[in-house]
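Next up, structure_19.cif (mmCIF, C-alpha atoms and all ligand atoms; chains and numbers go by the auth columns):
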```
data_input
loop_
_atom_site.group_PDB
_atom_site.id
_atom_site.type_symbol
_atom_site.label_atom_id
_atom_site.label_comp_id
_atom_site.label_asym_id
_atom_site.label_seq_id
_atom_site.Cartn_x
_atom_site.Cartn_y
_atom_site.Cartn_z
_atom_site.B_iso_or_equiv
_atom_site.auth_seq_id
_atom_site.auth_asym_id
ATOM 1 C CA MET A 1 -8.959 14.330 -17.851 0.00 1 C
ATOM 2 C CA THR A 2 -8.244 14.470 -14.143 0.00 2 C
ATOM 3 C CA ILE A 3 -10.776 13.667 -11.465 0.00 3 C
ATOM 4 C CA THR A 4 -10.247 15.577 -8.259 0.00 4 C
ATOM 5 C CA ALA A 5 -11.570 13.833 -5.190 0.00 5 C
ATOM 6 C CA TYR A 6 -12.313 15.680 -2.021 0.00 6 C
ATOM 7 C CA PRO A 7 -12.010 13.955 1.314 0.00 7 C
ATOM 8 C CA PRO A 8 -15.397 12.930 2.700 0.00 8 C
ATOM 9 C CA GLN A 9 -14.603 14.989 5.771 0.00 9 C
ATOM 10 C CA ARG A 10 -12.377 17.921 6.508 0.00 10 C
ATOM 11 C CA GLY A 11 -9.105 16.865 8.124 0.00 11 C
ATOM 12 C CA LYS A 12 -9.015 13.490 6.360 0.00 12 C
ATOM 13 C CA VAL A 13 -6.314 12.216 4.022 0.00 13 C
ATOM 14 C CA LEU A 14 -5.902 8.966 2.093 0.00 14 C
ATOM 15 C CA THR A 15 -4.270 6.093 3.988 0.00 15 C
ATOM 16 C CA PRO A 16 -0.884 4.998 2.555 0.00 16 C
ATOM 17 C CA GLU A 17 -2.574 1.915 1.056 0.00 17 C
ATOM 18 C CA ALA A 18 -5.335 3.992 -0.523 0.00 18 C
ATOM 19 C CA GLN A 19 -2.759 6.478 -1.817 0.00 19 C
ATOM 20 C CA GLY A 20 -0.916 3.559 -3.431 0.00 20 C
ATOM 21 C CA GLU A 21 -4.120 2.498 -5.151 0.00 21 C
ATOM 22 C CA ARG A 22 -4.718 6.100 -6.212 0.00 22 C
ATOM 23 C CA ASP A 23 -1.213 6.277 -7.694 0.00 23 C
ATOM 24 C CA ASP A 24 -1.824 2.987 -9.511 0.00 24 C
ATOM 25 C CA PHE A 25 -5.138 4.327 -10.804 0.00 25 C
ATOM 26 C CA ASP A 26 -3.496 7.537 -12.024 0.00 26 C
ATOM 27 C CA ARG A 27 -0.733 5.532 -13.766 0.00 27 C
ATOM 28 C CA SER A 28 -3.139 3.030 -15.305 0.00 28 C
ATOM 29 C CA TYR A 29 -6.001 5.311 -16.281 0.00 29 C
ATOM 30 C CA ASP A 30 -4.409 8.762 -16.345 0.00 30 C
ATOM 31 C CA GLY A 31 -6.890 9.974 -13.725 0.00 31 C
ATOM 32 C CA GLY A 32 -9.982 8.854 -15.636 0.00 32 C
ATOM 33 C CA ASN A 33 -10.344 7.263 -19.063 0.00 33 C
ATOM 34 C CA CYS A 34 -13.761 5.764 -18.375 0.00 34 C
ATOM 35 C CA SER A 35 -14.752 3.371 -21.157 0.00 35 C
ATOM 36 C CA CYS A 36 -18.207 2.462 -19.826 0.00 36 C
ATOM 37 C CA HIS A 37 -19.642 3.481 -23.202 0.00 37 C
ATOM 38 C CA LEU A 38 -17.830 0.407 -24.599 0.00 38 C
ATOM 39 C CA SER A 39 -18.250 -2.128 -21.778 0.00 39 C
ATOM 40 C CA PRO A 40 -19.792 -0.991 -18.497 0.00 40 C
ATOM 41 C CA PRO A 41 -18.622 -1.085 -15.808 0.00 41 C
ATOM 42 C CA CYS A 42 -15.115 -0.419 -17.054 0.00 42 C
ATOM 43 C CA GLY A 43 -11.781 -1.051 -15.336 0.00 43 C
ATOM 44 C CA SER A 44 -11.412 2.639 -14.539 0.00 44 C
ATOM 45 C CA CYS A 45 -14.734 2.869 -12.702 0.00 45 C
ATOM 46 C CA THR A 46 -14.201 -0.379 -10.764 0.00 46 C
ATOM 47 C CA HIS A 47 -10.589 0.356 -9.799 0.00 47 C
ATOM 48 C CA PRO A 48 -10.272 0.674 -5.991 0.00 48 C
ATOM 49 C CA GLY A 49 -8.058 3.737 -6.497 0.00 49 C
ATOM 50 C CA ASN A 50 -10.738 5.602 -8.478 0.00 50 C
ATOM 51 C CA PRO A 51 -11.352 8.805 -6.492 0.00 51 C
ATOM 52 C CA ARG A 52 -15.097 8.317 -6.696 0.00 52 C
ATOM 53 C CA ASN A 53 -14.794 4.854 -5.163 0.00 53 C
ATOM 54 C CA GLN A 54 -12.445 6.119 -2.483 0.00 54 C
ATOM 55 C CA GLU A 55 -14.778 8.962 -1.556 0.00 55 C
ATOM 56 C CA GLU A 56 -17.373 6.360 -0.649 0.00 56 C
ATOM 57 C CA ASP A 57 -14.947 4.105 1.248 0.00 57 C
ATOM 58 C CA PRO A 58 -14.441 5.243 4.865 0.00 58 C
ATOM 59 C CA ASP A 59 -11.528 2.776 5.217 0.00 59 C
ATOM 60 C CA ALA A 60 -9.562 4.687 2.567 0.00 60 C
ATOM 61 C CA TRP A 61 -9.294 7.732 4.820 0.00 61 C
ATOM 62 C CA MET A 62 -7.500 8.568 8.043 0.00 62 C
ATOM 63 C CA ASP A 63 -7.182 11.653 10.192 0.00 63 C
ATOM 64 C CA ASP A 64 -4.781 14.196 8.784 0.00 64 C
ATOM 65 C CA ILE A 65 -1.819 14.814 11.068 0.00 65 C
ATOM 66 C CA LEU A 66 -2.255 18.486 10.285 0.00 66 C
ATOM 67 C CA ASP A 67 -4.945 20.147 12.373 0.00 67 C
ATOM 68 C CA LEU A 68 -6.533 22.367 9.714 0.00 68 C
ATOM 69 C CA ASP A 69 -8.833 24.104 12.181 0.00 69 C
ATOM 70 C CA GLU A 70 -5.858 25.032 14.340 0.00 70 C
ATOM 71 C CA LEU A 71 -3.946 26.275 11.273 0.00 71 C
ATOM 72 C CA GLU A 72 -6.939 28.363 10.222 0.00 72 C
ATOM 73 C CA ARG A 73 -7.220 29.935 13.676 0.00 73 C
ATOM 74 C CA GLU A 74 -3.519 30.787 13.601 0.00 74 C
ATOM 75 C CA ALA A 75 -3.768 32.248 10.090 0.00 75 C
ATOM 76 C CA ARG A 76 -6.756 34.397 11.040 0.00 76 C
ATOM 77 C CA ALA A 77 -4.955 35.640 14.151 0.00 77 C
ATOM 78 C CA ALA A 78 -1.857 36.477 12.086 0.00 78 C
ATOM 79 C CA VAL A 79 -3.937 38.423 9.546 0.00 79 C
ATOM 80 C CA ALA A 80 -5.809 40.292 12.291 0.00 80 C
ATOM 81 C CA TRP A 81 -2.503 41.189 13.942 0.00 81 C
ATOM 82 C CA THR A 82 -1.089 42.460 10.629 0.00 82 C
ATOM 83 C CA VAL A 83 -4.176 44.616 10.021 0.00 83 C
ATOM 84 C CA ASP A 84 -4.038 46.021 13.564 0.00 84 C
ATOM 85 C CA ALA A 85 -0.337 46.769 13.199 0.00 85 C
ATOM 86 C CA ALA A 86 -0.893 48.508 9.849 0.00 86 C
ATOM 87 C CA ALA A 87 -3.761 50.559 11.310 0.00 87 C
ATOM 88 C CA ALA A 88 -1.673 51.560 14.311 0.00 88 C
ATOM 89 C CA ARG A 89 1.235 52.564 12.058 0.00 89 C
ATOM 90 C CA HIS A 90 -1.105 54.589 9.873 0.00 90 C
ATOM 91 C CA LYS A 91 -2.614 56.418 12.853 0.00 91 C
ATOM 92 C CA LEU A 92 0.865 57.123 14.178 0.00 92 C
ATOM 93 C CA GLU A 93 1.829 58.669 10.827 0.00 93 C
ATOM 94 C CA MET A 94 -1.335 60.785 10.958 0.00 94 C
ATOM 95 C CA GLY A 95 -0.373 62.008 14.440 0.00 95 C
ATOM 96 C CA LEU A 96 -3.258 60.146 16.098 0.00 96 C
ATOM 97 C CA PRO A 97 -2.982 57.948 19.186 0.00 97 C
ATOM 98 C CA PRO A 98 -2.220 54.382 17.969 0.00 98 C
ATOM 99 C CA PHE A 99 -5.310 52.710 19.540 0.00 99 C
HETATM 100 ZN ZN ZN B . -16.384 3.691 -16.583 0.00 101 P
#
```
Could you quickly redo this structure as structure tokens?
Amino acid sequence: MTITAYPPQRGKVLTPEAQGERDDFDRSYDGGNCSCHLSPPCGSCTHPGNPRNQEEDPDAWMDDILDLDELEREARAAVAWTVDAAAARHKLEMGLPPF
């Protein structure tokens, strides 16, 4: 079973240290393997690299070097341009003025 953690905020990624703990957690517990039903709290749940623990730890996160908002704006602009270009081409083929 794999636990997928989402950053507490958009534009955040794990720090290198936190990523190392995450990798160690994934190696040690295969992304989960909670055994609280045997002896709570188990080593999986108390591991600092457990995604659920990292979600609640602001120090595990840093600003992403990628500006996702900027990328989204650029992607939307590119899609809008493609649609406009296709519409203009279509009108041209129909013998209509392009805009
Ligand atoms: Zn557990």
(request) Report as a VMD selection string which protein, DNA and RNA residues come within 8 Å of ligand ZN 101 (chain P), using all atoms listed in the file. (result) chain C and resid 33 to 37 40 to 46
(message) Since I can't run it myself right now, could you work out what the PyMOL selection byres (((chain C and resi 7) around 10) and not hetatm) selects here and report it as a PyMOL selection string?
(response) chain C and resi 4-6+8-14+51+54-56+58+60-62
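For the pair atom CA of Val79 of chain C and atom CA of Pro97 of chain C, the interatomic distance is 21.8 Å.
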(request) Fewer than 2 positions away in the same chain doesn't count, so skip those; otherwise give me all residues within 8 Å of Pro48 of chain C, counting all atoms listed in the file, as a PyMOL selection string. (result) chain C and resi 21-22+25+46+50+53-54
(message) Calculated over all atoms listed in the file, which of the candidates C:Thr15, C:Asp24, C:Met94, C:Ala78 has the smallest distance to Asp57 of chain C?
(response) C:Thr15
Determine the axis-aligned bounding box of all atoms of segment 63-77 of chain C present in the file, pad each side by 8 Å, and express its centre and edge lengths in Å to one decimal place as JSON.
```
{"center_x": -5.3, "center_y": 23.6, "center_z": 11.6, "size_x": 23.0, "size_y": 40.0, "size_z": 21.6}
```
(request) Would you work out the distance separating atom CA of Glu17 of chain C from atom CA of Gly31 of chain C, expressed in Å to one decimal? (result) 17.4 Å
Mind filling out segment 19-33 of chain C with N, CA and C atoms and sending it as an mmCIF file, in the coordinates of the input?
```
data_model
loop_
_atom_site.group_PDB
_atom_site.id
_atom_site.type_symbol
_atom_site.label_atom_id
_atom_site.label_comp_id
_atom_site.auth_asym_id
_atom_site.auth_seq_id
_atom_site.Cartn_x
_atom_site.Cartn_y
_atom_site.Cartn_z
ATOM 1 N N GLN C 19 -3.550 5.600 -0.955
ATOM 2 C CA GLN C 19 -2.759 6.478 -1.817
ATOM 3 C C GLN C 19 -2.034 5.659 -2.873
ATOM 4 N N GLY C 20 -1.564 4.448 -2.471
ATOM 5 C CA GLY C 20 -0.916 3.559 -3.431
ATOM 6 C C GLY C 20 -1.880 3.152 -4.533
ATOM 7 N N GLU C 21 -3.114 2.855 -4.146
ATOM 8 C CA GLU C 21 -4.120 2.498 -5.151
ATOM 9 C C GLU C 21 -4.450 3.689 -6.040
ATOM 10 N N ARG C 22 -4.474 4.898 -5.431
ATOM 11 C CA ARG C 22 -4.718 6.100 -6.212
ATOM 12 C C ARG C 22 -3.606 6.313 -7.231
ATOM 13 N N ASP C 23 -2.344 6.115 -6.777
ATOM 14 C CA ASP C 23 -1.213 6.277 -7.694
ATOM 15 C C ASP C 23 -1.308 5.275 -8.841
ATOM 16 N N ASP C 24 -1.682 4.019 -8.485
ATOM 17 C CA ASP C 24 -1.824 2.987 -9.511
ATOM 18 C C ASP C 24 -2.937 3.360 -10.489
ATOM 19 N N PHE C 25 -4.031 3.888 -9.953
ATOM 20 C CA PHE C 25 -5.138 4.327 -10.804
ATOM 21 C C PHE C 25 -4.682 5.436 -11.749
ATOM 22 N N ASP C 26 -3.963 6.425 -11.187
ATOM 23 C CA ASP C 26 -3.496 7.537 -12.024
ATOM 24 C C ASP C 26 -2.550 7.046 -13.118
ATOM 25 N N ARG C 27 -1.655 6.087 -12.775
ATOM 26 C CA ARG C 27 -0.733 5.532 -13.766
ATOM 27 C C ARG C 27 -1.493 4.748 -14.838
ATOM 28 N N SER C 28 -2.466 3.944 -14.383
ATOM 29 C CA SER C 28 -3.139 3.030 -15.305
ATOM 30 C C SER C 28 -4.180 3.742 -16.164
ATOM 31 N N TYR C 29 -4.864 4.714 -15.576
ATOM 32 C CA TYR C 29 -6.001 5.311 -16.281
ATOM 33 C C TYR C 29 -5.852 6.814 -16.484
ATOM 34 N N ASP C 30 -4.658 7.346 -16.122
ATOM 35 C CA ASP C 30 -4.409 8.762 -16.345
ATOM 36 C C ASP C 30 -5.493 9.614 -15.676
ATOM 37 N N GLY C 31 -5.928 9.188 -14.495
ATOM 38 C CA GLY C 31 -6.890 9.974 -13.725
ATOM 39 C C GLY C 31 -8.317 9.868 -14.219
ATOM 40 N N GLY C 32 -8.607 8.962 -15.134
ATOM 41 C CA GLY C 32 -9.982 8.854 -15.636
ATOM 42 C C GLY C 32 -10.085 7.779 -16.684
ATOM 43 N N ASN C 33 -10.264 8.193 -17.930
ATOM 44 C CA ASN C 33 -10.344 7.263 -19.063
ATOM 45 C C ASN C 33 -11.438 6.215 -18.905
#
```
